[in-house]
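Shown next: model00.tsv, given as TSV, C-alpha atoms and all ligand atoms.
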chain	number	residue	atom	x	y	z
A	210	MET	CA	-11.24	-11.17	-9.10
A	211	ILE	CA	-8.11	-10.35	-7.13
A	212	TYR	CA	-7.74	-6.56	-7.24
A	213	LEU	CA	-4.14	-5.46	-6.78
A	214	ASP	CA	-4.31	-2.04	-8.41
A	215	ASN	CA	-5.16	0.00	-5.33
A	216	ALA	CA	-2.52	2.61	-6.15
A	217	ALA	CA	-4.57	3.42	-9.27
A	218	THR	CA	-7.83	3.68	-7.37
A	219	THR	CA	-9.86	2.05	-4.60
A	220	PRO	CA	-13.54	1.13	-4.31
A	221	VAL	CA	-15.68	3.74	-2.53
A	222	ARG	CA	-16.43	2.80	1.08
A	223	THR	CA	-20.15	2.26	1.64
A	224	GLU	CA	-20.02	4.39	4.79
A	225	ALA	CA	-18.47	7.26	2.81
A	226	LEU	CA	-21.22	7.08	0.22
A	227	GLN	CA	-23.92	6.86	2.90
A	228	ALA	CA	-22.49	9.91	4.64
A	229	ALA	CA	-22.47	11.78	1.30
A	230	TRP	CA	-25.98	10.72	0.24
A	231	PRO	CA	-28.04	13.40	2.10
A	232	PHE	CA	-25.99	16.13	0.38
A	233	LEU	CA	-26.80	14.66	-3.03
A	234	THR	CA	-30.52	14.45	-2.21
A	235	ASN	CA	-32.56	16.35	0.40
A	236	GLU	CA	-29.72	18.47	1.74
A	237	PHE	CA	-28.72	19.76	-1.68
A	238	GLY	CA	-28.20	23.40	-0.68
A	239	ASN	CA	-25.42	25.63	-1.90
A	240	PRO	CA	-23.14	26.37	1.07
A	241	SER	CA	-22.92	30.02	-0.01
A	242	SER	CA	-26.71	30.53	0.11
A	243	THR	CA	-28.03	32.50	3.05
A	244	HIS	CA	-31.20	30.42	3.56
A	245	GLU	CA	-31.43	27.52	5.98
A	246	LEU	CA	-30.83	24.83	3.38
A	247	GLY	CA	-27.63	26.58	2.37
A	248	GLY	CA	-26.68	27.03	6.02
A	249	ARG	CA	-26.97	23.30	6.66
A	250	ALA	CA	-24.74	22.56	3.65
A	251	SER	CA	-22.25	25.12	4.90
A	252	ASN	CA	-22.23	23.50	8.35
A	253	ALA	CA	-21.67	20.08	6.81
A	254	LEU	CA	-18.76	21.43	4.79
A	255	ASP	CA	-17.20	23.07	7.83
A	256	GLY	CA	-17.66	19.85	9.79
A	257	ALA	CA	-15.91	17.83	7.06
A	258	ARG	CA	-13.10	20.38	6.96
A	259	GLU	CA	-12.57	20.13	10.73
A	260	ARG	CA	-12.52	16.32	10.56
A	261	VAL	CA	-9.95	16.28	7.75
A	262	ALA	CA	-7.87	18.88	9.59
A	263	HIS	CA	-8.00	16.83	12.78
A	264	TRP	CA	-6.80	13.71	10.92
A	265	PHE	CA	-3.70	15.59	9.70
A	266	GLY	CA	-3.10	17.50	12.96
A	267	ALA	CA	-4.02	20.77	11.24
A	268	ARG	CA	-6.62	23.53	11.71
A	269	GLY	CA	-9.85	23.65	9.68
A	270	SER	CA	-8.81	26.94	8.07
A	271	GLU	CA	-5.74	25.15	6.67
A	272	ILE	CA	-7.73	22.63	4.56
A	273	ILE	CA	-8.94	23.41	1.03
A	274	PHE	CA	-11.16	20.88	-0.71
A	275	THR	CA	-10.19	20.18	-4.33
A	276	SER	CA	-11.12	17.77	-7.10
A	277	GLY	CA	-8.24	15.39	-6.34
A	278	GLY	CA	-4.50	14.89	-6.29
A	279	THR	CA	-3.80	16.56	-9.62
A	280	GLU	CA	-5.57	19.76	-8.67
A	281	SER	CA	-4.03	19.76	-5.18
A	282	ASP	CA	-0.54	19.40	-6.65
A	283	ASN	CA	-1.19	22.19	-9.15
A	284	LEU	CA	-2.58	24.57	-6.54
A	285	GLY	CA	0.10	23.67	-4.02
A	286	ILE	CA	2.97	24.16	-6.44
A	287	ILE	CA	1.81	26.91	-8.79
A	288	GLY	CA	-0.10	28.73	-6.04
A	289	LEU	CA	2.91	28.90	-3.74
A	290	ALA	CA	5.50	29.55	-6.42
A	291	LEU	CA	3.58	32.54	-7.77
A	292	ALA	CA	2.78	33.97	-4.35
A	293	ASN	CA	6.19	33.52	-2.76
A	294	PRO	CA	8.75	34.85	-5.17
A	295	ARG	CA	11.87	34.68	-3.05
A	296	GLY	CA	13.00	34.14	-6.58
A	297	LYS	CA	12.20	31.87	-9.46
A	298	HIS	CA	14.05	28.76	-8.42
A	299	LEU	CA	12.36	25.45	-7.63
A	300	ILE	CA	13.73	22.03	-6.60
A	301	SER	CA	12.25	18.61	-7.25
A	302	ALA	CA	13.06	15.13	-8.63
A	303	LYS	CA	12.19	13.39	-11.88
A	304	SER	CA	10.40	10.54	-10.09
A	305	GLU	CA	7.48	12.80	-9.07
A	306	HIS	CA	3.98	12.21	-10.41
A	307	GLU	CA	3.03	13.80	-13.75
A	308	ALA	CA	0.81	16.28	-11.88
A	309	VAL	CA	3.91	17.69	-10.20
A	310	LEU	CA	6.21	17.45	-13.22
A	311	ALA	CA	3.69	19.20	-15.47
A	312	ALA	CA	3.01	21.97	-12.93
A	313	LEU	CA	6.78	22.60	-12.70
A	314	GLU	CA	7.11	22.54	-16.48
A	315	PHE	CA	4.29	25.13	-16.69
A	316	LEU	CA	6.11	27.40	-14.23
A	317	GLU	CA	9.31	27.07	-16.28
A	318	ARG	CA	7.62	27.65	-19.64
A	319	ILE	CA	5.15	30.41	-18.79
A	320	HIS	CA	6.65	32.12	-15.75
A	321	GLY	CA	10.39	31.72	-16.33
A	322	PHE	CA	11.13	29.59	-13.26
A	323	ASP	CA	14.25	27.44	-13.16
A	324	VAL	CA	14.01	23.89	-11.74
A	325	THR	CA	16.92	21.98	-10.20
A	326	TRP	CA	16.38	18.22	-10.40
A	327	LEU	CA	17.95	16.24	-7.55
A	328	ASP	CA	19.72	13.03	-8.59
A	329	LEU	CA	18.13	9.73	-7.63
A	330	ASP	CA	19.87	6.46	-6.90
A	331	GLU	CA	18.85	3.09	-8.36
A	332	VAL	CA	16.20	2.50	-5.67
A	333	GLY	CA	14.59	5.93	-6.05
A	334	SER	CA	16.08	7.70	-3.01
A	335	ILE	CA	17.65	11.14	-3.33
A	336	GLN	CA	21.36	10.67	-3.86
A	337	GLY	CA	23.10	12.31	-0.91
A	338	GLY	CA	19.78	12.75	0.96
A	339	ALA	CA	19.02	16.02	2.76
A	340	ALA	CA	22.63	17.18	2.33
A	341	ALA	CA	22.18	17.11	-1.45
A	342	LEU	CA	19.04	19.20	-1.07
A	343	THR	CA	20.87	21.69	1.15
A	344	ALA	CA	23.58	21.99	-1.51
A	345	ALA	CA	20.96	22.69	-4.19
A	346	LEU	CA	19.09	25.38	-2.22
A	347	ARG	CA	19.78	28.95	-3.38
A	348	THR	CA	18.94	32.40	-2.12
A	349	ASP	CA	16.27	32.57	-4.83
A	350	THR	CA	14.72	29.14	-4.08
A	351	THR	CA	11.02	29.61	-3.51
A	352	LEU	CA	9.72	26.05	-3.27
A	353	VAL	CA	10.89	22.46	-2.94
A	354	THR	CA	8.44	19.71	-3.91
A	355	LEU	CA	9.17	16.06	-3.13
A	356	MET	CA	6.65	13.26	-2.65
A	357	VAL	CA	6.16	11.19	0.51
A	358	ALA	CA	5.93	7.89	-1.37
A	359	ASN	CA	6.45	7.05	-5.01
A	360	ASN	CA	3.35	5.72	-6.77
A	361	GLU	CA	5.20	3.25	-9.00
A	362	ILE	CA	8.02	1.84	-6.91
A	363	GLY	CA	6.88	2.78	-3.39
A	364	THR	CA	10.16	4.38	-2.25
A	365	LEU	CA	9.70	6.81	0.67
A	366	HIS	CA	11.49	10.14	1.01
A	367	PRO	CA	12.50	11.41	4.49
A	368	ILE	CA	10.06	14.32	4.37
A	369	ALA	CA	10.64	15.76	7.86
A	370	GLU	CA	14.38	15.98	7.21
A	371	LEU	CA	13.95	17.45	3.72
A	372	ALA	CA	11.38	20.02	4.91
A	373	ALA	CA	13.69	21.07	7.76
A	374	ALA	CA	16.61	21.52	5.34
A	375	THR	CA	14.38	23.64	3.08
A	376	HIS	CA	13.26	25.86	5.96
A	377	GLU	CA	16.87	26.56	6.93
A	378	VAL	CA	17.03	28.98	4.01
A	379	GLY	CA	13.44	30.21	4.33
A	380	ALA	CA	12.06	28.39	1.26
A	381	LEU	CA	8.75	26.50	1.32
A	382	PHE	CA	8.13	22.75	1.12
A	383	HIS	CA	5.27	20.97	-0.70
A	384	THR	CA	4.72	17.24	-0.58
A	385	ASP	CA	2.49	14.99	-2.65
A	386	ALA	CA	1.14	12.54	-0.06
A	387	VAL	CA	-1.40	10.96	-2.42
A	388	GLN	CA	-0.09	7.38	-2.09
A	389	ALA	CA	0.86	7.64	1.56
A	390	VAL	CA	-2.54	8.21	3.19
A	391	GLY	CA	-3.35	5.30	5.48
A	392	TRP	CA	0.17	3.84	5.25
A	393	VAL	CA	2.50	6.48	6.66
A	394	ASP	CA	1.92	8.85	9.58
A	395	LEU	CA	0.98	12.17	8.05
A	396	ASN	CA	0.80	14.61	10.93
A	397	VAL	CA	1.66	17.86	9.16
A	398	LYS	CA	3.33	19.32	12.25
A	399	ALA	CA	5.61	16.29	12.65
A	400	LEU	CA	6.42	16.36	8.93
A	401	GLY	CA	6.99	20.11	9.10
A	402	VAL	CA	5.63	20.69	5.58
A	403	ASP	CA	3.99	23.90	4.38
A	404	VAL	CA	1.67	22.27	1.85
A	405	LEU	CA	0.48	18.68	1.40
A	406	SER	CA	-1.71	17.13	-1.34
A	407	ILE	CA	-4.12	14.21	-1.01
A	408	SER	CA	-6.61	12.45	-3.30
A	409	GLY	CA	-9.81	10.83	-1.96
A	410	HIS	CA	-10.10	8.00	-4.48
A	411	LYS	CA	-6.88	6.41	-3.27
A	412	PHE	CA	-8.43	5.60	0.12
A	413	GLY	CA	-12.11	4.82	-0.33
A	414	ALA	CA	-13.62	8.24	-1.15
A	415	PRO	CA	-15.05	8.99	-4.63
A	416	LYS	CA	-13.00	10.03	-7.63
A	417	GLY	CA	-13.07	13.81	-7.92
A	418	SER	CA	-12.50	14.36	-4.18
A	419	GLY	CA	-9.28	15.71	-2.74
A	420	ALA	CA	-7.76	18.23	-0.40
A	421	LEU	CA	-4.78	20.45	0.08
A	422	TYR	CA	-3.30	21.39	3.44
A	423	VAL	CA	-1.80	24.89	3.39
A	424	ARG	CA	-0.10	25.95	6.61
A	425	GLY	CA	-1.72	29.07	8.10
A	426	ARG	CA	-0.60	32.37	6.60
A	427	THR	CA	1.35	30.72	3.75
A	428	LYS	CA	0.76	33.10	0.86
A	429	THR	CA	-0.95	31.26	-2.00
A	430	GLU	CA	-2.24	32.47	-5.37
A	431	PRO	CA	-5.46	30.78	-6.51
A	432	ILE	CA	-5.35	29.00	-9.86
A	433	ILE	CA	-9.14	28.92	-10.23
A	434	HIS	CA	-10.72	32.37	-10.04
A	435	GLY	CA	-14.33	33.22	-9.29
A	436	GLY	CA	-16.63	33.62	-6.31
A	437	GLY	CA	-13.90	33.24	-3.68
A	438	GLN	CA	-14.97	29.96	-2.07
A	439	GLU	CA	-12.49	27.92	-0.01
A	440	GLY	CA	-10.90	30.99	1.50
A	441	GLY	CA	-10.45	32.51	-1.97
A	442	LEU	CA	-8.11	29.70	-3.01
A	443	ARG	CA	-10.51	27.53	-4.98
A	444	SER	CA	-13.53	29.27	-6.43
A	445	GLY	CA	-16.59	27.31	-7.51
A	446	THR	CA	-19.55	25.91	-5.61
A	447	GLU	CA	-18.17	23.41	-3.14
A	448	ASN	CA	-18.80	19.67	-3.52
A	449	VAL	CA	-20.23	19.17	-0.04
A	450	ALA	CA	-21.08	15.50	-0.61
A	451	TRP	CA	-17.55	14.57	-1.67
A	452	ALA	CA	-16.01	16.60	1.16
A	453	VAL	CA	-18.14	14.66	3.65
A	454	ALA	CA	-17.26	11.37	1.93
A	455	LEU	CA	-13.55	12.20	2.02
A	456	ALA	CA	-13.65	12.99	5.74
A	457	THR	CA	-15.56	9.77	6.42
A	458	ALA	CA	-13.18	7.60	4.37
A	459	LEU	CA	-10.17	9.10	6.15
A	460	GLU	CA	-11.64	8.26	9.55
A	461	LEU	CA	-12.29	4.67	8.46
A	462	LEU	CA	-8.62	4.08	7.76
A	463	PRO	CA	-6.87	1.85	10.25
A	464	GLU	CA	-4.20	3.30	12.48
A	465	SER	CA	-1.43	3.53	9.89
A	466	THR	CA	1.71	2.22	11.62
A	467	ALA	CA	0.30	-1.06	12.96
A	468	GLU	CA	-1.60	-1.81	9.77
A	469	ALA	CA	1.35	-0.88	7.57
A	470	ARG	CA	3.50	-3.38	9.47
A	471	ARG	CA	0.99	-6.19	8.81
A	472	VAL	CA	0.76	-5.42	5.08
A	473	ALA	CA	4.54	-4.87	4.82
A	474	ALA	CA	5.06	-8.42	6.07
A	475	LEU	CA	2.65	-9.71	3.37
A	476	ARG	CA	4.46	-7.61	0.77
A	477	ASP	CA	7.90	-8.94	1.76
A	478	SER	CA	6.73	-12.53	1.61
A	479	PHE	CA	5.06	-11.82	-1.76
A	480	ILE	CA	8.29	-10.35	-3.16
A	481	LEU	CA	10.24	-13.45	-2.10
A	482	GLN	CA	7.64	-15.78	-3.59
A	483	VAL	CA	7.63	-13.85	-6.88
A	484	MET	CA	11.42	-14.01	-7.09
A	485	GLU	CA	11.33	-17.76	-6.52
A	486	ALA	CA	8.60	-18.26	-9.09
A	487	ALA	CA	10.12	-15.95	-11.72
A	488	PRO	CA	13.91	-15.98	-11.97
A	489	ASN	CA	13.78	-12.95	-14.29
A	490	ALA	CA	12.01	-10.81	-11.63
A	491	LEU	CA	13.89	-7.72	-10.48
A	492	PRO	CA	12.15	-5.93	-7.61
A	493	THR	CA	12.19	-2.14	-8.07
A	494	GLY	CA	12.29	0.56	-5.39
A	495	HIS	CA	13.94	0.66	-1.99
A	496	PRO	CA	14.19	-2.78	-0.36
A	497	THR	CA	13.02	-1.60	3.08
A	498	ASN	CA	12.27	2.11	3.09
A	499	ARG	CA	9.14	1.73	1.01
A	500	LEU	CA	5.37	1.87	1.11
A	501	ALA	CA	3.75	-1.28	2.54
A	502	SER	CA	1.16	-1.22	-0.23
A	503	ILE	CA	3.37	-1.45	-3.33
A	504	ALA	CA	5.43	-4.32	-4.73
A	505	SER	CA	6.84	-3.62	-8.20
A	506	PHE	CA	9.07	-5.60	-10.49
A	507	CYS	CA	10.68	-5.66	-13.88
A	508	PHE	CA	10.38	-9.07	-15.52
A	509	VAL	CA	13.46	-8.86	-17.68
A	510	GLY	CA	12.90	-10.02	-21.26
A	511	VAL	CA	9.10	-10.08	-21.06
A	512	SER	CA	6.69	-7.27	-21.91
A	513	GLY	CA	4.89	-5.96	-18.82
A	514	GLU	CA	1.75	-5.31	-20.86
A	515	SER	CA	1.55	-8.96	-21.99
A	516	ILE	CA	1.94	-10.15	-18.40
A	517	LEU	CA	-0.96	-7.88	-17.41
A	518	VAL	CA	-3.18	-9.37	-20.11
A	519	GLN	CA	-2.33	-12.90	-18.98
A	520	LEU	CA	-2.85	-12.05	-15.32
A	521	GLU	CA	-6.21	-10.48	-16.06
A	522	ALA	CA	-7.27	-13.60	-17.92
A	523	ARG	CA	-6.51	-15.44	-14.66
A	524	GLY	CA	-8.54	-12.99	-12.57
A	525	VAL	CA	-5.70	-10.82	-11.23
A	526	ILE	CA	-5.89	-7.07	-11.84
A	527	CYS	CA	-2.74	-4.98	-11.51
A	528	SER	CA	-0.88	-2.45	-13.66
A	529	SER	CA	2.34	-1.69	-15.44
A	530	GLY	CA	2.97	1.40	-13.33
A	531	SER	CA	1.15	4.67	-13.06
A	532	ALA	CA	-2.48	4.54	-14.26
A	533	CYS	CA	-1.93	7.97	-15.78
A	534	ALA	CA	0.71	6.58	-18.14
A	535	ALA	CA	-1.24	3.39	-18.87
A	536	GLY	CA	-2.04	2.88	-22.50
A	537	SER	CA	1.11	4.68	-23.55
A	538	ASP	CA	3.99	2.61	-24.91
A	539	ASP	CA	6.55	4.90	-23.35
A	540	PRO	CA	8.55	3.30	-20.55
A	541	SER	CA	7.81	4.66	-17.08
A	542	HIS	CA	9.47	8.02	-16.42
A	543	VAL	CA	10.07	6.89	-12.82
A	544	LEU	CA	12.04	3.82	-13.86
A	545	LEU	CA	14.03	5.86	-16.38
A	546	ALA	CA	14.73	8.44	-13.65
A	547	ILE	CA	16.30	5.75	-11.45
A	548	GLY	CA	18.48	4.50	-14.29
A	549	VAL	CA	16.54	1.45	-15.53
A	550	GLU	CA	17.22	0.76	-19.22
A	551	PRO	CA	14.18	1.55	-21.43
A	552	GLU	CA	13.79	-2.11	-22.62
A	553	VAL	CA	13.84	-3.33	-19.02
A	554	ALA	CA	11.40	-0.59	-17.97
A	555	GLN	CA	8.93	-1.96	-20.56
A	556	SER	CA	8.71	-5.13	-18.46
A	557	ALA	CA	7.41	-3.38	-15.33
A	558	VAL	CA	4.44	-4.68	-13.34
A	559	ARG	CA	3.10	-3.06	-10.17
A	560	PHE	CA	1.01	-4.87	-7.57
A	561	SER	CA	-0.63	-2.52	-5.08
A	562	PHE	CA	-2.42	-3.73	-1.98
A	563	ALA	CA	-5.34	-2.59	0.16
A	564	HIS	CA	-5.87	-2.88	3.88
A	565	ASP	CA	-7.99	-5.98	3.28
A	566	THR	CA	-5.60	-7.76	0.88
A	567	THR	CA	-5.05	-11.31	2.15
A	568	GLU	CA	-2.19	-13.82	2.15
A	569	GLU	CA	-4.35	-16.25	0.14
A	570	GLU	CA	-4.90	-13.65	-2.57
A	571	LEU	CA	-1.18	-13.04	-2.84
A	572	GLU	CA	-0.41	-16.77	-2.99
A	573	ALA	CA	-2.95	-17.19	-5.79
A	574	THR	CA	-1.36	-14.20	-7.55
A	575	VAL	CA	2.08	-15.83	-7.49
A	576	VAL	CA	0.63	-18.96	-9.13
A	577	ALA	CA	-1.17	-16.84	-11.76
A	578	LEU	CA	2.03	-14.87	-12.34
A	579	SER	CA	4.24	-17.88	-13.01
A	580	GLU	CA	1.61	-19.29	-15.41
A	581	SER	CA	1.38	-15.87	-17.11
A	582	ILE	CA	5.12	-15.53	-17.59
A	583	ALA	CA	5.35	-19.12	-18.91
A	584	SER	CA	2.57	-18.46	-21.37
A	585	VAL	CA	4.14	-15.19	-22.61
A	586	LEU	CA	7.51	-16.93	-23.09
A	587	ARG	CA	6.00	-19.90	-24.88
B	601	LIG	N1	0.09	12.09	-7.17
B	601	LIG	C1	0.34	10.77	-7.05
B	601	LIG	C2	1.56	10.30	-6.34
B	601	LIG	C3	-0.56	9.84	-7.60
B	601	LIG	O1	-0.31	8.54	-7.48
B	601	LIG	C4	-1.71	10.34	-8.27
B	601	LIG	C5	-2.65	9.40	-8.92
B	601	LIG	O2	-2.30	8.31	-9.31
B	601	LIG	C6	-1.92	11.73	-8.35
B	601	LIG	C7	-0.99	12.57	-7.78
B	601	LIG	C8	-3.12	12.30	-9.04
B	601	LIG	O3	-4.28	12.13	-8.25
B	601	LIG	P1	-5.74	12.24	-8.91
B	601	LIG	O4	-5.95	10.96	-9.65
B	601	LIG	O5	-6.66	12.36	-7.74
B	601	LIG	O6	-5.75	13.43	-9.77
Output the file's structure as structure tokens, nothing else.
Ligand code: PLP
Amino acid sequence: MIYLDNAATTPVRTEALQAAWPFLTNEFGNPSSTHELGGRASNALDGARERVAHWFGARGSEIIFTSGGTESDNLGIIGLALANPRGKHLISAKSEHEAVLAALEFLERIHGFDVTWLDLDEVGSIQGGAAALTAALRTDTTLVTLMVANNEIGTLHPIAELAAATHEVGALFHTDAVQAVGWVDLNVKALGVDVLSISGHKFGAPKGSGALYVRGRTKTEPIIHGGGQEGGLRSGTENVAWAVALATALELLPESTAEARRVAALRDSFILQVMEAAPNALPTGHPTNRLASIASFCFVGVSGESILVQLEARGVICSSGSACAAGSDDPSHVLLAIGVEPEVAQSAVRFSFAHDTTEEELEATVVALSESIASVLR
């Protein structure tokens, strides 16, 4: 099998599971318990928190463990919006993940917030860049949320610039960095963000693990209420094992810039080979300012879903876009947001790479792809 759906999820790293194992077995204590078993769990949790914080250039007290990207996005966006009412105005873009779009929709519907959607160009960048954001900021803007890297087309946003523009007026900046971990430098100080979401299962930690960075003293309302764990921001007995696994998987990631360059070269050669093999292939996303790990196309005139079936029959696993939208016949909201016609958007296929994806795998994928397209057209 050639697995090219790493943006949907990744296999759990053995080392991460081994590090988690004691906390699923002998060291099963509740970190809130006052006995020794609980104390050891609490120490392990604090250790994991410090390691995650160190990876992002943050402090331990600024990391909250969550159940994944969706929860982190919800807490980051709803928690900040409710706690920081400079006013009820928010800014975002329609290419964000459903977790962000739905959290914003909730704030509009239940809490009367008003969202300004920035325009996107045909490669998924913000039209007019940071200047367009500055023009959209108002005296009542509480929060801006824009992702580091798009999960379907890979386009990167200039987060440091956008966060700086946001801070000019005293509003807060959240970023969904779920797809960027391990590919883009994510030092929170260099990015200048107030809140940042990650999901463990995108980089070798188990599904159901995640974290949120919240810059010290940023007022945040919890969205899960209870015993006050995680600094009062995320009640519920902590998942020590998954926190330890997440910290371990993060530390196993290669140094992002050098590794991203290697995979970006593979990606560029793959895109060229695909375009030679399939004259109807239209690459989507920014041609250069994009994630190394994602190559996405529309194969005009052919259904993306039928290509996936044919590719799978030839041992290649990939997807038609976001795993969250998989199974639905609706064209991708990201492609529609960048102006792709709905019929063309139905032909989308996304290949997403891992750090160990090889040139040979990509060459075999191109062969499987041209056979697949030929067989769908037959
Ligand atoms: N944000 C982005 C950009 C994603 O790609 C995903 C998952 O695909 C999520 C959020 C949701 O993460 P999780 O699956 O951990 O809830």
Between atom CA of Ser301 of chain A and atom CA of Gly413 of chain A - distance in Å to one decimal: 28.8 Å
So that each row is one residue of chain A with an atom at most 9 Å from ligand LIG 601 (chain B), can you give its shortest atom pair and the distance in Å to one decimal, using only C-alpha atoms and all ligand atoms, rows by chain and rising number, as a tab-separated table?
residue	atom	partner	partner_atom	distance
A:Ala216	CA	B:LIG601	O1	6.5
A:Ala217	CA	B:LIG601	O2	5.4
A:Thr218	CA	B:LIG601	O2	7.5
A:Ser276	CA	B:LIG601	O5	7.0
A:Gly277	CA	B:LIG601	O5	3.7
A:Gly278	CA	B:LIG601	O3	3.4
A:Thr279	CA	B:LIG601	O6	3.7
A:Glu280	CA	B:LIG601	O6	6.4
A:Ser281	CA	B:LIG601	O6	8.0
A:Asp282	CA	B:LIG601	C7	6.9
A:Glu305	CA	B:LIG601	C2	7.0
A:His306	CA	B:LIG601	N1	5.1
A:Glu307	CA	B:LIG601	C7	7.3
A:Ala308	CA	B:LIG601	C7	5.8
A:Val309	CA	B:LIG601	N1	7.4
A:Met356	CA	B:LIG601	C2	6.9
A:Val357	CA	B:LIG601	C2	8.3
A:Ala358	CA	B:LIG601	C2	7.0
A:Asn359	CA	B:LIG601	C2	6.0
A:Asn360	CA	B:LIG601	O1	4.7
A:Glu361	CA	B:LIG601	O1	7.8
A:Asp385	CA	B:LIG601	N1	5.9
A:Ala386	CA	B:LIG601	C2	6.7
A:Val387	CA	B:LIG601	C1	4.9
A:Gln388	CA	B:LIG601	C2	5.4
A:Ala389	CA	B:LIG601	C2	8.4
A:Ser406	CA	B:LIG601	N1	7.9
A:Ile407	CA	B:LIG601	O5	7.4
A:Ser408	CA	B:LIG601	O5	4.4
A:Gly409	CA	B:LIG601	O5	6.8
A:His410	CA	B:LIG601	O5	6.4
A:Lys411	CA	B:LIG601	O5	7.4
A:Lys416	CA	B:LIG601	O5	6.8
A:Gly417	CA	B:LIG601	O5	6.6
A:Ser418	CA	B:LIG601	O5	7.1
A:Gly419	CA	B:LIG601	O5	6.6
A:Ser531	CA	B:LIG601	O2	6.3
A:Ala532	CA	B:LIG601	O2	6.2
A:Cys533	CA	B:LIG601	O2	6.5
Distance criterion (all atoms listed in the file): nearest to Gly391 of chain A out of A:Phe506, A:Phe562, A:Pro294, A:Val549: A:Phe562
Atomic separation - atom CA of Leu254 of chain A relative to atom CA of Glu447 of chain A, Å: 8.2 Å
Selected residue, from A:Arg249, A:Lys398, A:His376, A:Arg443, that lies nearest to Phe274 of chain A when counting only C-alpha atoms: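 With only C-alpha atoms as the atom set, the closest residue is A:Arg443.
Between Ser505 of chain A and the residues A:Ala414, A:Val393, A:Ala312, A:Ala554, the shortest atom-to-atom distance, using only C-alpha atoms, involves A:Ala554.
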At a cut-off of 12 Å, using all atoms listed in the file, what residues contact Leu491 of chain A? Leave out same-chain residues fewer than 2 positions from it and give the result as a short mmCIF file (atom, residue, chain, number, x, y, z; two decimals) with C-alpha atoms, in the coordinates of the input.
data_model
loop_
_atom_site.label_atom_id
_atom_site.label_comp_id
_atom_site.auth_asym_id
_atom_site.auth_seq_id
_atom_site.Cartn_x
_atom_site.Cartn_y
_atom_site.Cartn_z
CA VAL A 332 16.20 2.50 -5.67
CA ILE A 362 8.02 1.84 -6.91
CA ILE A 480 8.29 -10.35 -3.16
CA LEU A 481 10.24 -13.45 -2.10
CA VAL A 483 7.63 -13.85 -6.88
CA MET A 484 11.42 -14.01 -7.09
CA GLU A 485 11.33 -17.76 -6.52
CA ALA A 486 8.60 -18.26 -9.09
CA ALA A 487 10.12 -15.95 -11.72
CA PRO A 488 13.91 -15.98 -11.97
CA ASN A 489 13.78 -12.95 -14.29
CA THR A 493 12.19 -2.14 -8.07
CA GLY A 494 12.29 0.56 -5.39
CA HIS A 495 13.94 0.66 -1.99
CA PRO A 496 14.19 -2.78 -0.36
CA ALA A 504 5.43 -4.32 -4.73
CA SER A 505 6.84 -3.62 -8.20
CA PHE A 506 9.07 -5.60 -10.49
CA CYS A 507 10.68 -5.66 -13.88
CA PHE A 508 10.38 -9.07 -15.52
CA VAL A 509 13.46 -8.86 -17.68
CA GLY A 510 12.90 -10.02 -21.26
CA VAL A 511 9.10 -10.08 -21.06
CA VAL A 549 16.54 1.45 -15.53
CA VAL A 553 13.84 -3.33 -19.02
CA ALA A 554 11.40 -0.59 -17.97
CA SER A 556 8.71 -5.13 -18.46
CA ALA A 557 7.41 -3.38 -15.33
CA VAL A 558 4.44 -4.68 -13.34
CA ARG A 559 3.10 -3.06 -10.17
#
Length of the atom CA of Leu400 of chain A to atom CA of Ala372 of chain A vector [Å]: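 Distance between the two atoms: 7.4 Å.
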Spatial neighbours of Arg426 of chain A, max dist 12 Å, only C-alpha atoms, sep filter under 3 positions, as number ranges by chain: A: 268, 270-271, 289, 292-293, 403-404, 422-423, 429, 440
